[in-house]
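A short write-up of the structure that comes next.
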Amino acid sequence: MPARFELPARTASGVVLAAAAVAALAAGGILFAAFAAIFAVAALREWHRLINGGRLAREMLATGVAVIAAVSLIRLGASPGIAVAAILLGAGGAALLSALRADAKRWPIPWHAFGAVYIGLPVLALVLLRDAPRGAAIVGGLFVAVWTTDTGALFVGRLIGGPKLAPILSPNKTWAGFLGGAIAAAVAEAIYAGIVGGSLMRAIVLGLILALASHCGDLFESWVKRQFRAKNTGSLIPGHGGMLDRIDSVLFAAPACTGLMFFSQLNPFVVSS
């Protein structure tokens, strides 16, 4: 895609995906779980194709079934531990299918297995967060932090430029973009907490932490693509590339948010008794 069309296409596709995510979030329940599972399967398809040299990989059968089963178990009331066990079984199945390839090299085997964990656990995190008390507000805050981090980093990085953040991993990312994205997330999270009801100070801290997780997710995917000499994980989303190129930040931010909500006192949206 020509460079002059990239930003408009990125903006348009981002708005469409955001609208779909917000609609699913508002619906909640099985609709949100199905939305998350569909995105996970699309991401798994790209993950295994990336590892498999751009060809459709049968390892996706194991990981895709595992993720769908794990989400279904959560919706049926099973414990998170059982759902995680399903994810790990899928990882093992993918490793086995990879090992049985006649022309298999050893290094793709753990990569195929890791896909179930890398994509499956964040999906479970999203479903668990949505089902928690004030789950819609929490997941909405997660989306706000991730989206504003991405947008802030893009615009501030292009506007200011300056020293590179991690030139080996991603030559276009700058420290200015990193800080701009973090500040944007903190401010947006505070505004969001003011709208939906919550602690402003906790929201600012949450926004900063989720911004850091988002940046780490983005850099991790850039590193993975370098390992397989790929520019994008796919071409499904105009201006972004593949599904993984779009949700890489969420894959790190969702587990981080889940840990903070369930194992700390940082929930800005908690209802005081």
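All residue names refer to the structure tokens as shown: chains lettered A, B, ... in order, residues numbered from 1 in each chain, ligands numbered from 1 in order.
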
Checklist line | Which of stretch 134-184 of chain A fall in strand (DSSP E or B), as a VMD selection string | finding: chain A and resid 164 to 166 170 to 174

Please identify every residue of stretch 83-177 of chain A that has at least one atom no farther than 12 Å from an atom of stretch 203-212 of chain A, counting only C-alpha atoms, and for each give the shortest atom pair and the distance in Å to one decimal, arranged by chain then increasing number, as JSON lines.
```
{"residue": "A:Ala137", "atom": "CA", "partner": "A:Ala203", "partner_atom": "CA", "distance": 11.6}
{"residue": "A:Ile138", "atom": "CA", "partner": "A:Ala203", "partner_atom": "CA", "distance": 10.4}
{"residue": "A:Val139", "atom": "CA", "partner": "A:Leu210", "partner_atom": "CA", "distance": 11.8}
{"residue": "A:Gly140", "atom": "CA", "partner": "A:Gly207", "partner_atom": "CA", "distance": 11.9}
{"residue": "A:Gly141", "atom": "CA", "partner": "A:Gly207", "partner_atom": "CA", "distance": 8.3}
{"residue": "A:Leu142", "atom": "CA", "partner": "A:Leu210", "partner_atom": "CA", "distance": 7.3}
{"residue": "A:Phe143", "atom": "CA", "partner": "A:Leu210", "partner_atom": "CA", "distance": 9.7}
{"residue": "A:Val144", "atom": "CA", "partner": "A:Gly207", "partner_atom": "CA", "distance": 8.6}
{"residue": "A:Ala145", "atom": "CA", "partner": "A:Gly207", "partner_atom": "CA", "distance": 5.5}
{"residue": "A:Val146", "atom": "CA", "partner": "A:Ala211", "partner_atom": "CA", "distance": 6.4}
{"residue": "A:Trp147", "atom": "CA", "partner": "A:Ala211", "partner_atom": "CA", "distance": 9.3}
{"residue": "A:Thr148", "atom": "CA", "partner": "A:Ala211", "partner_atom": "CA", "distance": 8.5}
{"residue": "A:Thr149", "atom": "CA", "partner": "A:Ala211", "partner_atom": "CA", "distance": 5.7}
{"residue": "A:Asp150", "atom": "CA", "partner": "A:Ala211", "partner_atom": "CA", "distance": 8.6}
{"residue": "A:Thr151", "atom": "CA", "partner": "A:Ala211", "partner_atom": "CA", "distance": 11.2}
{"residue": "A:Gly152", "atom": "CA", "partner": "A:Ala211", "partner_atom": "CA", "distance": 10.2}
{"residue": "A:Ala153", "atom": "CA", "partner": "A:Ala211", "partner_atom": "CA", "distance": 9.9}
{"residue": "A:Gly177", "atom": "CA", "partner": "A:Ala211", "partner_atom": "CA", "distance": 11.4}
```

Checklist line | Polymer residues at most 10 Å from A:Ile160, only C-alpha atoms, same-chain spacing of 2 or more positions, as a PyMOL selection string | finding: chain A and resi 155-158+162-163+174-177+180

Check: atom CA of A:Ala26 to atom CA of A:Asp131: how many Å, to one decimal?
Finding: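 So the two atoms, atom CA of A:Ala26 and atom CA of A:Asp131, lie 11.9 Å apart.
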
Check: Nearest to A:Ala166: which of A:Ile87, A:Cys216, A:Ala69, A:Ala42 is it, counting only C-alpha atoms?
Finding: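 For A:Ala166, the nearest of the given residues is A:Cys216.
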
Notebook entry, point to check: What is the atom CA of A:Gly90 to atom CA of A:Ala43 distance in Å?
Noted result: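 Computing the Euclidean distance for atom CA of A:Gly90 and atom CA of A:Ala43 yields 15.0 Å.
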
Margin query: Using only C-alpha atoms, which protein or nucleic acid residues come within 12 Å of A:Gly29? Drop anything in the same chain fewer than 4 positions from it, and give the result as a ChimeraX atom specification.
Written below: /A:23-25,33-36,71-72,74-77,126-132,135-136

Check: Which residues come within 6 Å of stretch 267-270 of chain A, counting only C-alpha atoms, excluding same-chain residues fewer than 2 positions away, as a list in words?
Finding: Gly198, Ser199, Arg202, Ala203, Met261 and Gln265 of chain A

Picked from stretch 9-161 of chain A by DSSP as helix (DSSP H, G or I), as a tab-separated table (two decimals) with C-alpha atoms, in the first residue's frame:
```tsv
chain	number	residue	atom	x	y	z
A	9	ALA	CA	-6.54	3.10	5.84
A	10	ARG	CA	-5.12	2.46	9.30
A	11	THR	CA	-7.52	4.99	10.82
A	12	ALA	CA	-10.58	3.67	9.00
A	13	SER	CA	-9.90	0.02	9.80
A	14	GLY	CA	-9.09	0.95	13.41
A	15	VAL	CA	-12.42	2.74	13.80
A	16	VAL	CA	-14.34	-0.23	12.37
A	17	LEU	CA	-12.58	-2.73	14.63
A	18	ALA	CA	-12.99	-0.47	17.66
A	19	ALA	CA	-16.72	-0.13	16.98
A	20	ALA	CA	-17.06	-3.90	16.73
A	21	ALA	CA	-15.12	-4.38	19.97
A	22	VAL	CA	-17.25	-1.82	21.82
A	23	ALA	CA	-20.47	-3.42	20.55
A	24	ALA	CA	-19.31	-6.86	21.69
A	25	LEU	CA	-18.20	-5.43	25.04
A	26	ALA	CA	-21.60	-3.83	25.59
A	27	ALA	CA	-23.36	-7.08	24.71
A	29	GLY	CA	-21.79	-12.72	27.92
A	30	ILE	CA	-21.53	-15.27	25.15
A	31	LEU	CA	-21.37	-12.63	22.42
A	32	PHE	CA	-18.24	-11.05	23.86
A	33	ALA	CA	-16.68	-14.48	24.41
A	34	ALA	CA	-17.46	-15.45	20.81
A	35	PHE	CA	-16.00	-12.16	19.56
A	36	ALA	CA	-12.78	-12.80	21.48
A	37	ALA	CA	-12.58	-16.40	20.26
A	38	ILE	CA	-13.06	-15.39	16.61
A	39	PHE	CA	-10.24	-12.86	16.86
A	40	ALA	CA	-8.08	-15.48	18.56
A	41	VAL	CA	-8.61	-18.02	15.79
A	42	ALA	CA	-7.78	-15.40	13.14
A	43	ALA	CA	-4.60	-14.54	15.05
A	44	LEU	CA	-3.67	-18.22	15.44
A	45	ARG	CA	-4.05	-18.72	11.71
A	46	GLU	CA	-1.52	-15.96	11.08
A	47	TRP	CA	0.82	-17.17	13.81
A	48	HIS	CA	1.12	-20.68	12.41
A	49	ARG	CA	1.37	-19.45	8.82
A	50	LEU	CA	4.21	-17.15	9.86
A	51	ILE	CA	6.11	-20.05	11.38
A	59	GLU	CA	-0.97	-27.03	13.99
A	60	MET	CA	-3.75	-24.45	14.04
A	61	LEU	CA	-6.28	-27.28	14.45
A	62	ALA	CA	-4.91	-28.10	17.91
A	63	THR	CA	-4.48	-24.54	19.13
A	64	GLY	CA	-7.74	-23.25	17.64
A	65	VAL	CA	-9.79	-26.05	19.20
A	66	ALA	CA	-8.01	-25.53	22.51
A	67	VAL	CA	-8.76	-21.80	22.64
A	68	ILE	CA	-12.41	-22.29	21.70
A	69	ALA	CA	-12.73	-25.07	24.28
A	70	ALA	CA	-11.10	-22.93	26.97
A	71	VAL	CA	-13.43	-19.99	26.32
A	72	SER	CA	-16.43	-22.33	26.28
A	73	LEU	CA	-15.37	-23.88	29.59
A	74	ILE	CA	-15.18	-20.45	31.22
A	75	ARG	CA	-18.63	-19.56	29.91
A	80	PRO	CA	-9.81	-20.75	35.16
A	81	GLY	CA	-7.37	-23.54	35.96
A	82	ILE	CA	-9.32	-26.02	33.84
A	83	ALA	CA	-9.46	-23.52	30.97
A	84	VAL	CA	-5.71	-22.95	31.19
A	85	ALA	CA	-5.21	-26.72	31.14
A	86	ALA	CA	-7.14	-26.83	27.85
A	87	ILE	CA	-4.78	-24.18	26.44
A	88	LEU	CA	-1.75	-26.21	27.52
A	89	LEU	CA	-3.20	-29.35	25.94
A	90	GLY	CA	-3.57	-27.41	22.71
A	91	ALA	CA	0.06	-26.32	22.95
A	92	GLY	CA	1.10	-29.92	23.38
A	93	GLY	CA	-1.04	-31.00	20.44
A	94	ALA	CA	0.48	-28.34	18.22
A	95	ALA	CA	3.97	-29.43	19.24
A	96	LEU	CA	3.11	-33.04	18.42
A	97	LEU	CA	1.68	-32.17	15.01
A	98	SER	CA	4.78	-30.12	14.26
A	99	ALA	CA	7.10	-32.93	15.34
A	108	PRO	CA	9.48	-24.46	14.70
A	109	ILE	CA	8.12	-27.02	17.18
A	110	PRO	CA	8.19	-24.84	20.33
A	111	TRP	CA	7.04	-21.82	18.29
A	112	HIS	CA	3.89	-23.66	17.19
A	113	ALA	CA	3.23	-24.75	20.78
A	114	PHE	CA	3.83	-21.26	22.14
A	115	GLY	CA	1.08	-19.85	19.91
A	116	ALA	CA	-1.62	-21.44	22.07
A	117	VAL	CA	-0.24	-19.72	25.18
A	118	TYR	CA	0.64	-16.41	23.54
A	119	ILE	CA	-2.84	-15.94	22.08
A	120	GLY	CA	-4.97	-18.22	24.25
A	121	LEU	CA	-4.15	-16.81	27.68
A	122	PRO	CA	-4.94	-13.18	26.74
A	123	VAL	CA	-8.29	-14.29	25.32
A	124	LEU	CA	-9.09	-16.04	28.59
A	125	ALA	CA	-8.00	-12.91	30.42
A	126	LEU	CA	-10.43	-10.78	28.43
A	127	VAL	CA	-13.34	-13.15	29.07
A	128	LEU	CA	-12.55	-13.33	32.79
A	129	LEU	CA	-12.31	-9.55	33.04
A	130	ARG	CA	-15.64	-9.05	31.25
A	131	ASP	CA	-17.35	-11.46	33.65
A	135	GLY	CA	-16.33	-5.99	33.89
A	136	ALA	CA	-17.54	-3.77	31.07
A	137	ALA	CA	-15.86	-0.75	32.68
A	138	ILE	CA	-12.63	-2.67	33.26
A	139	VAL	CA	-12.33	-4.04	29.73
A	140	GLY	CA	-13.38	-0.68	28.35
A	141	GLY	CA	-10.54	0.89	30.33
A	142	LEU	CA	-8.15	-1.70	28.94
A	143	PHE	CA	-9.20	-0.88	25.39
A	144	VAL	CA	-8.89	2.86	26.06
A	145	ALA	CA	-5.35	2.45	27.38
A	146	VAL	CA	-4.20	0.24	24.51
A	147	TRP	CA	-5.78	2.32	21.76
A	148	THR	CA	-4.54	5.64	23.10
A	149	THR	CA	-1.05	4.20	23.62
A	150	ASP	CA	-0.94	3.12	20.00
A	151	THR	CA	-2.35	6.42	18.72
A	152	GLY	CA	-0.23	8.61	20.97
A	153	ALA	CA	2.95	6.74	20.12
A	154	LEU	CA	2.21	6.97	16.39
A	155	PHE	CA	1.51	10.69	16.27
A	156	VAL	CA	4.09	11.87	18.81
A	157	GLY	CA	6.74	9.62	17.31
A	158	ARG	CA	6.12	10.99	13.83
A	159	LEU	CA	5.88	14.57	15.06
A	160	ILE	CA	9.01	14.66	17.22
```

Note to self: Quick check, in Å to one decimal: how far apart do atom CA of A:Pro171 and atom CA of A:Lys225 lie?
What the structure shows: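 Atom CA of A:Lys225 lies 13.0 Å from atom CA of A:Pro171.
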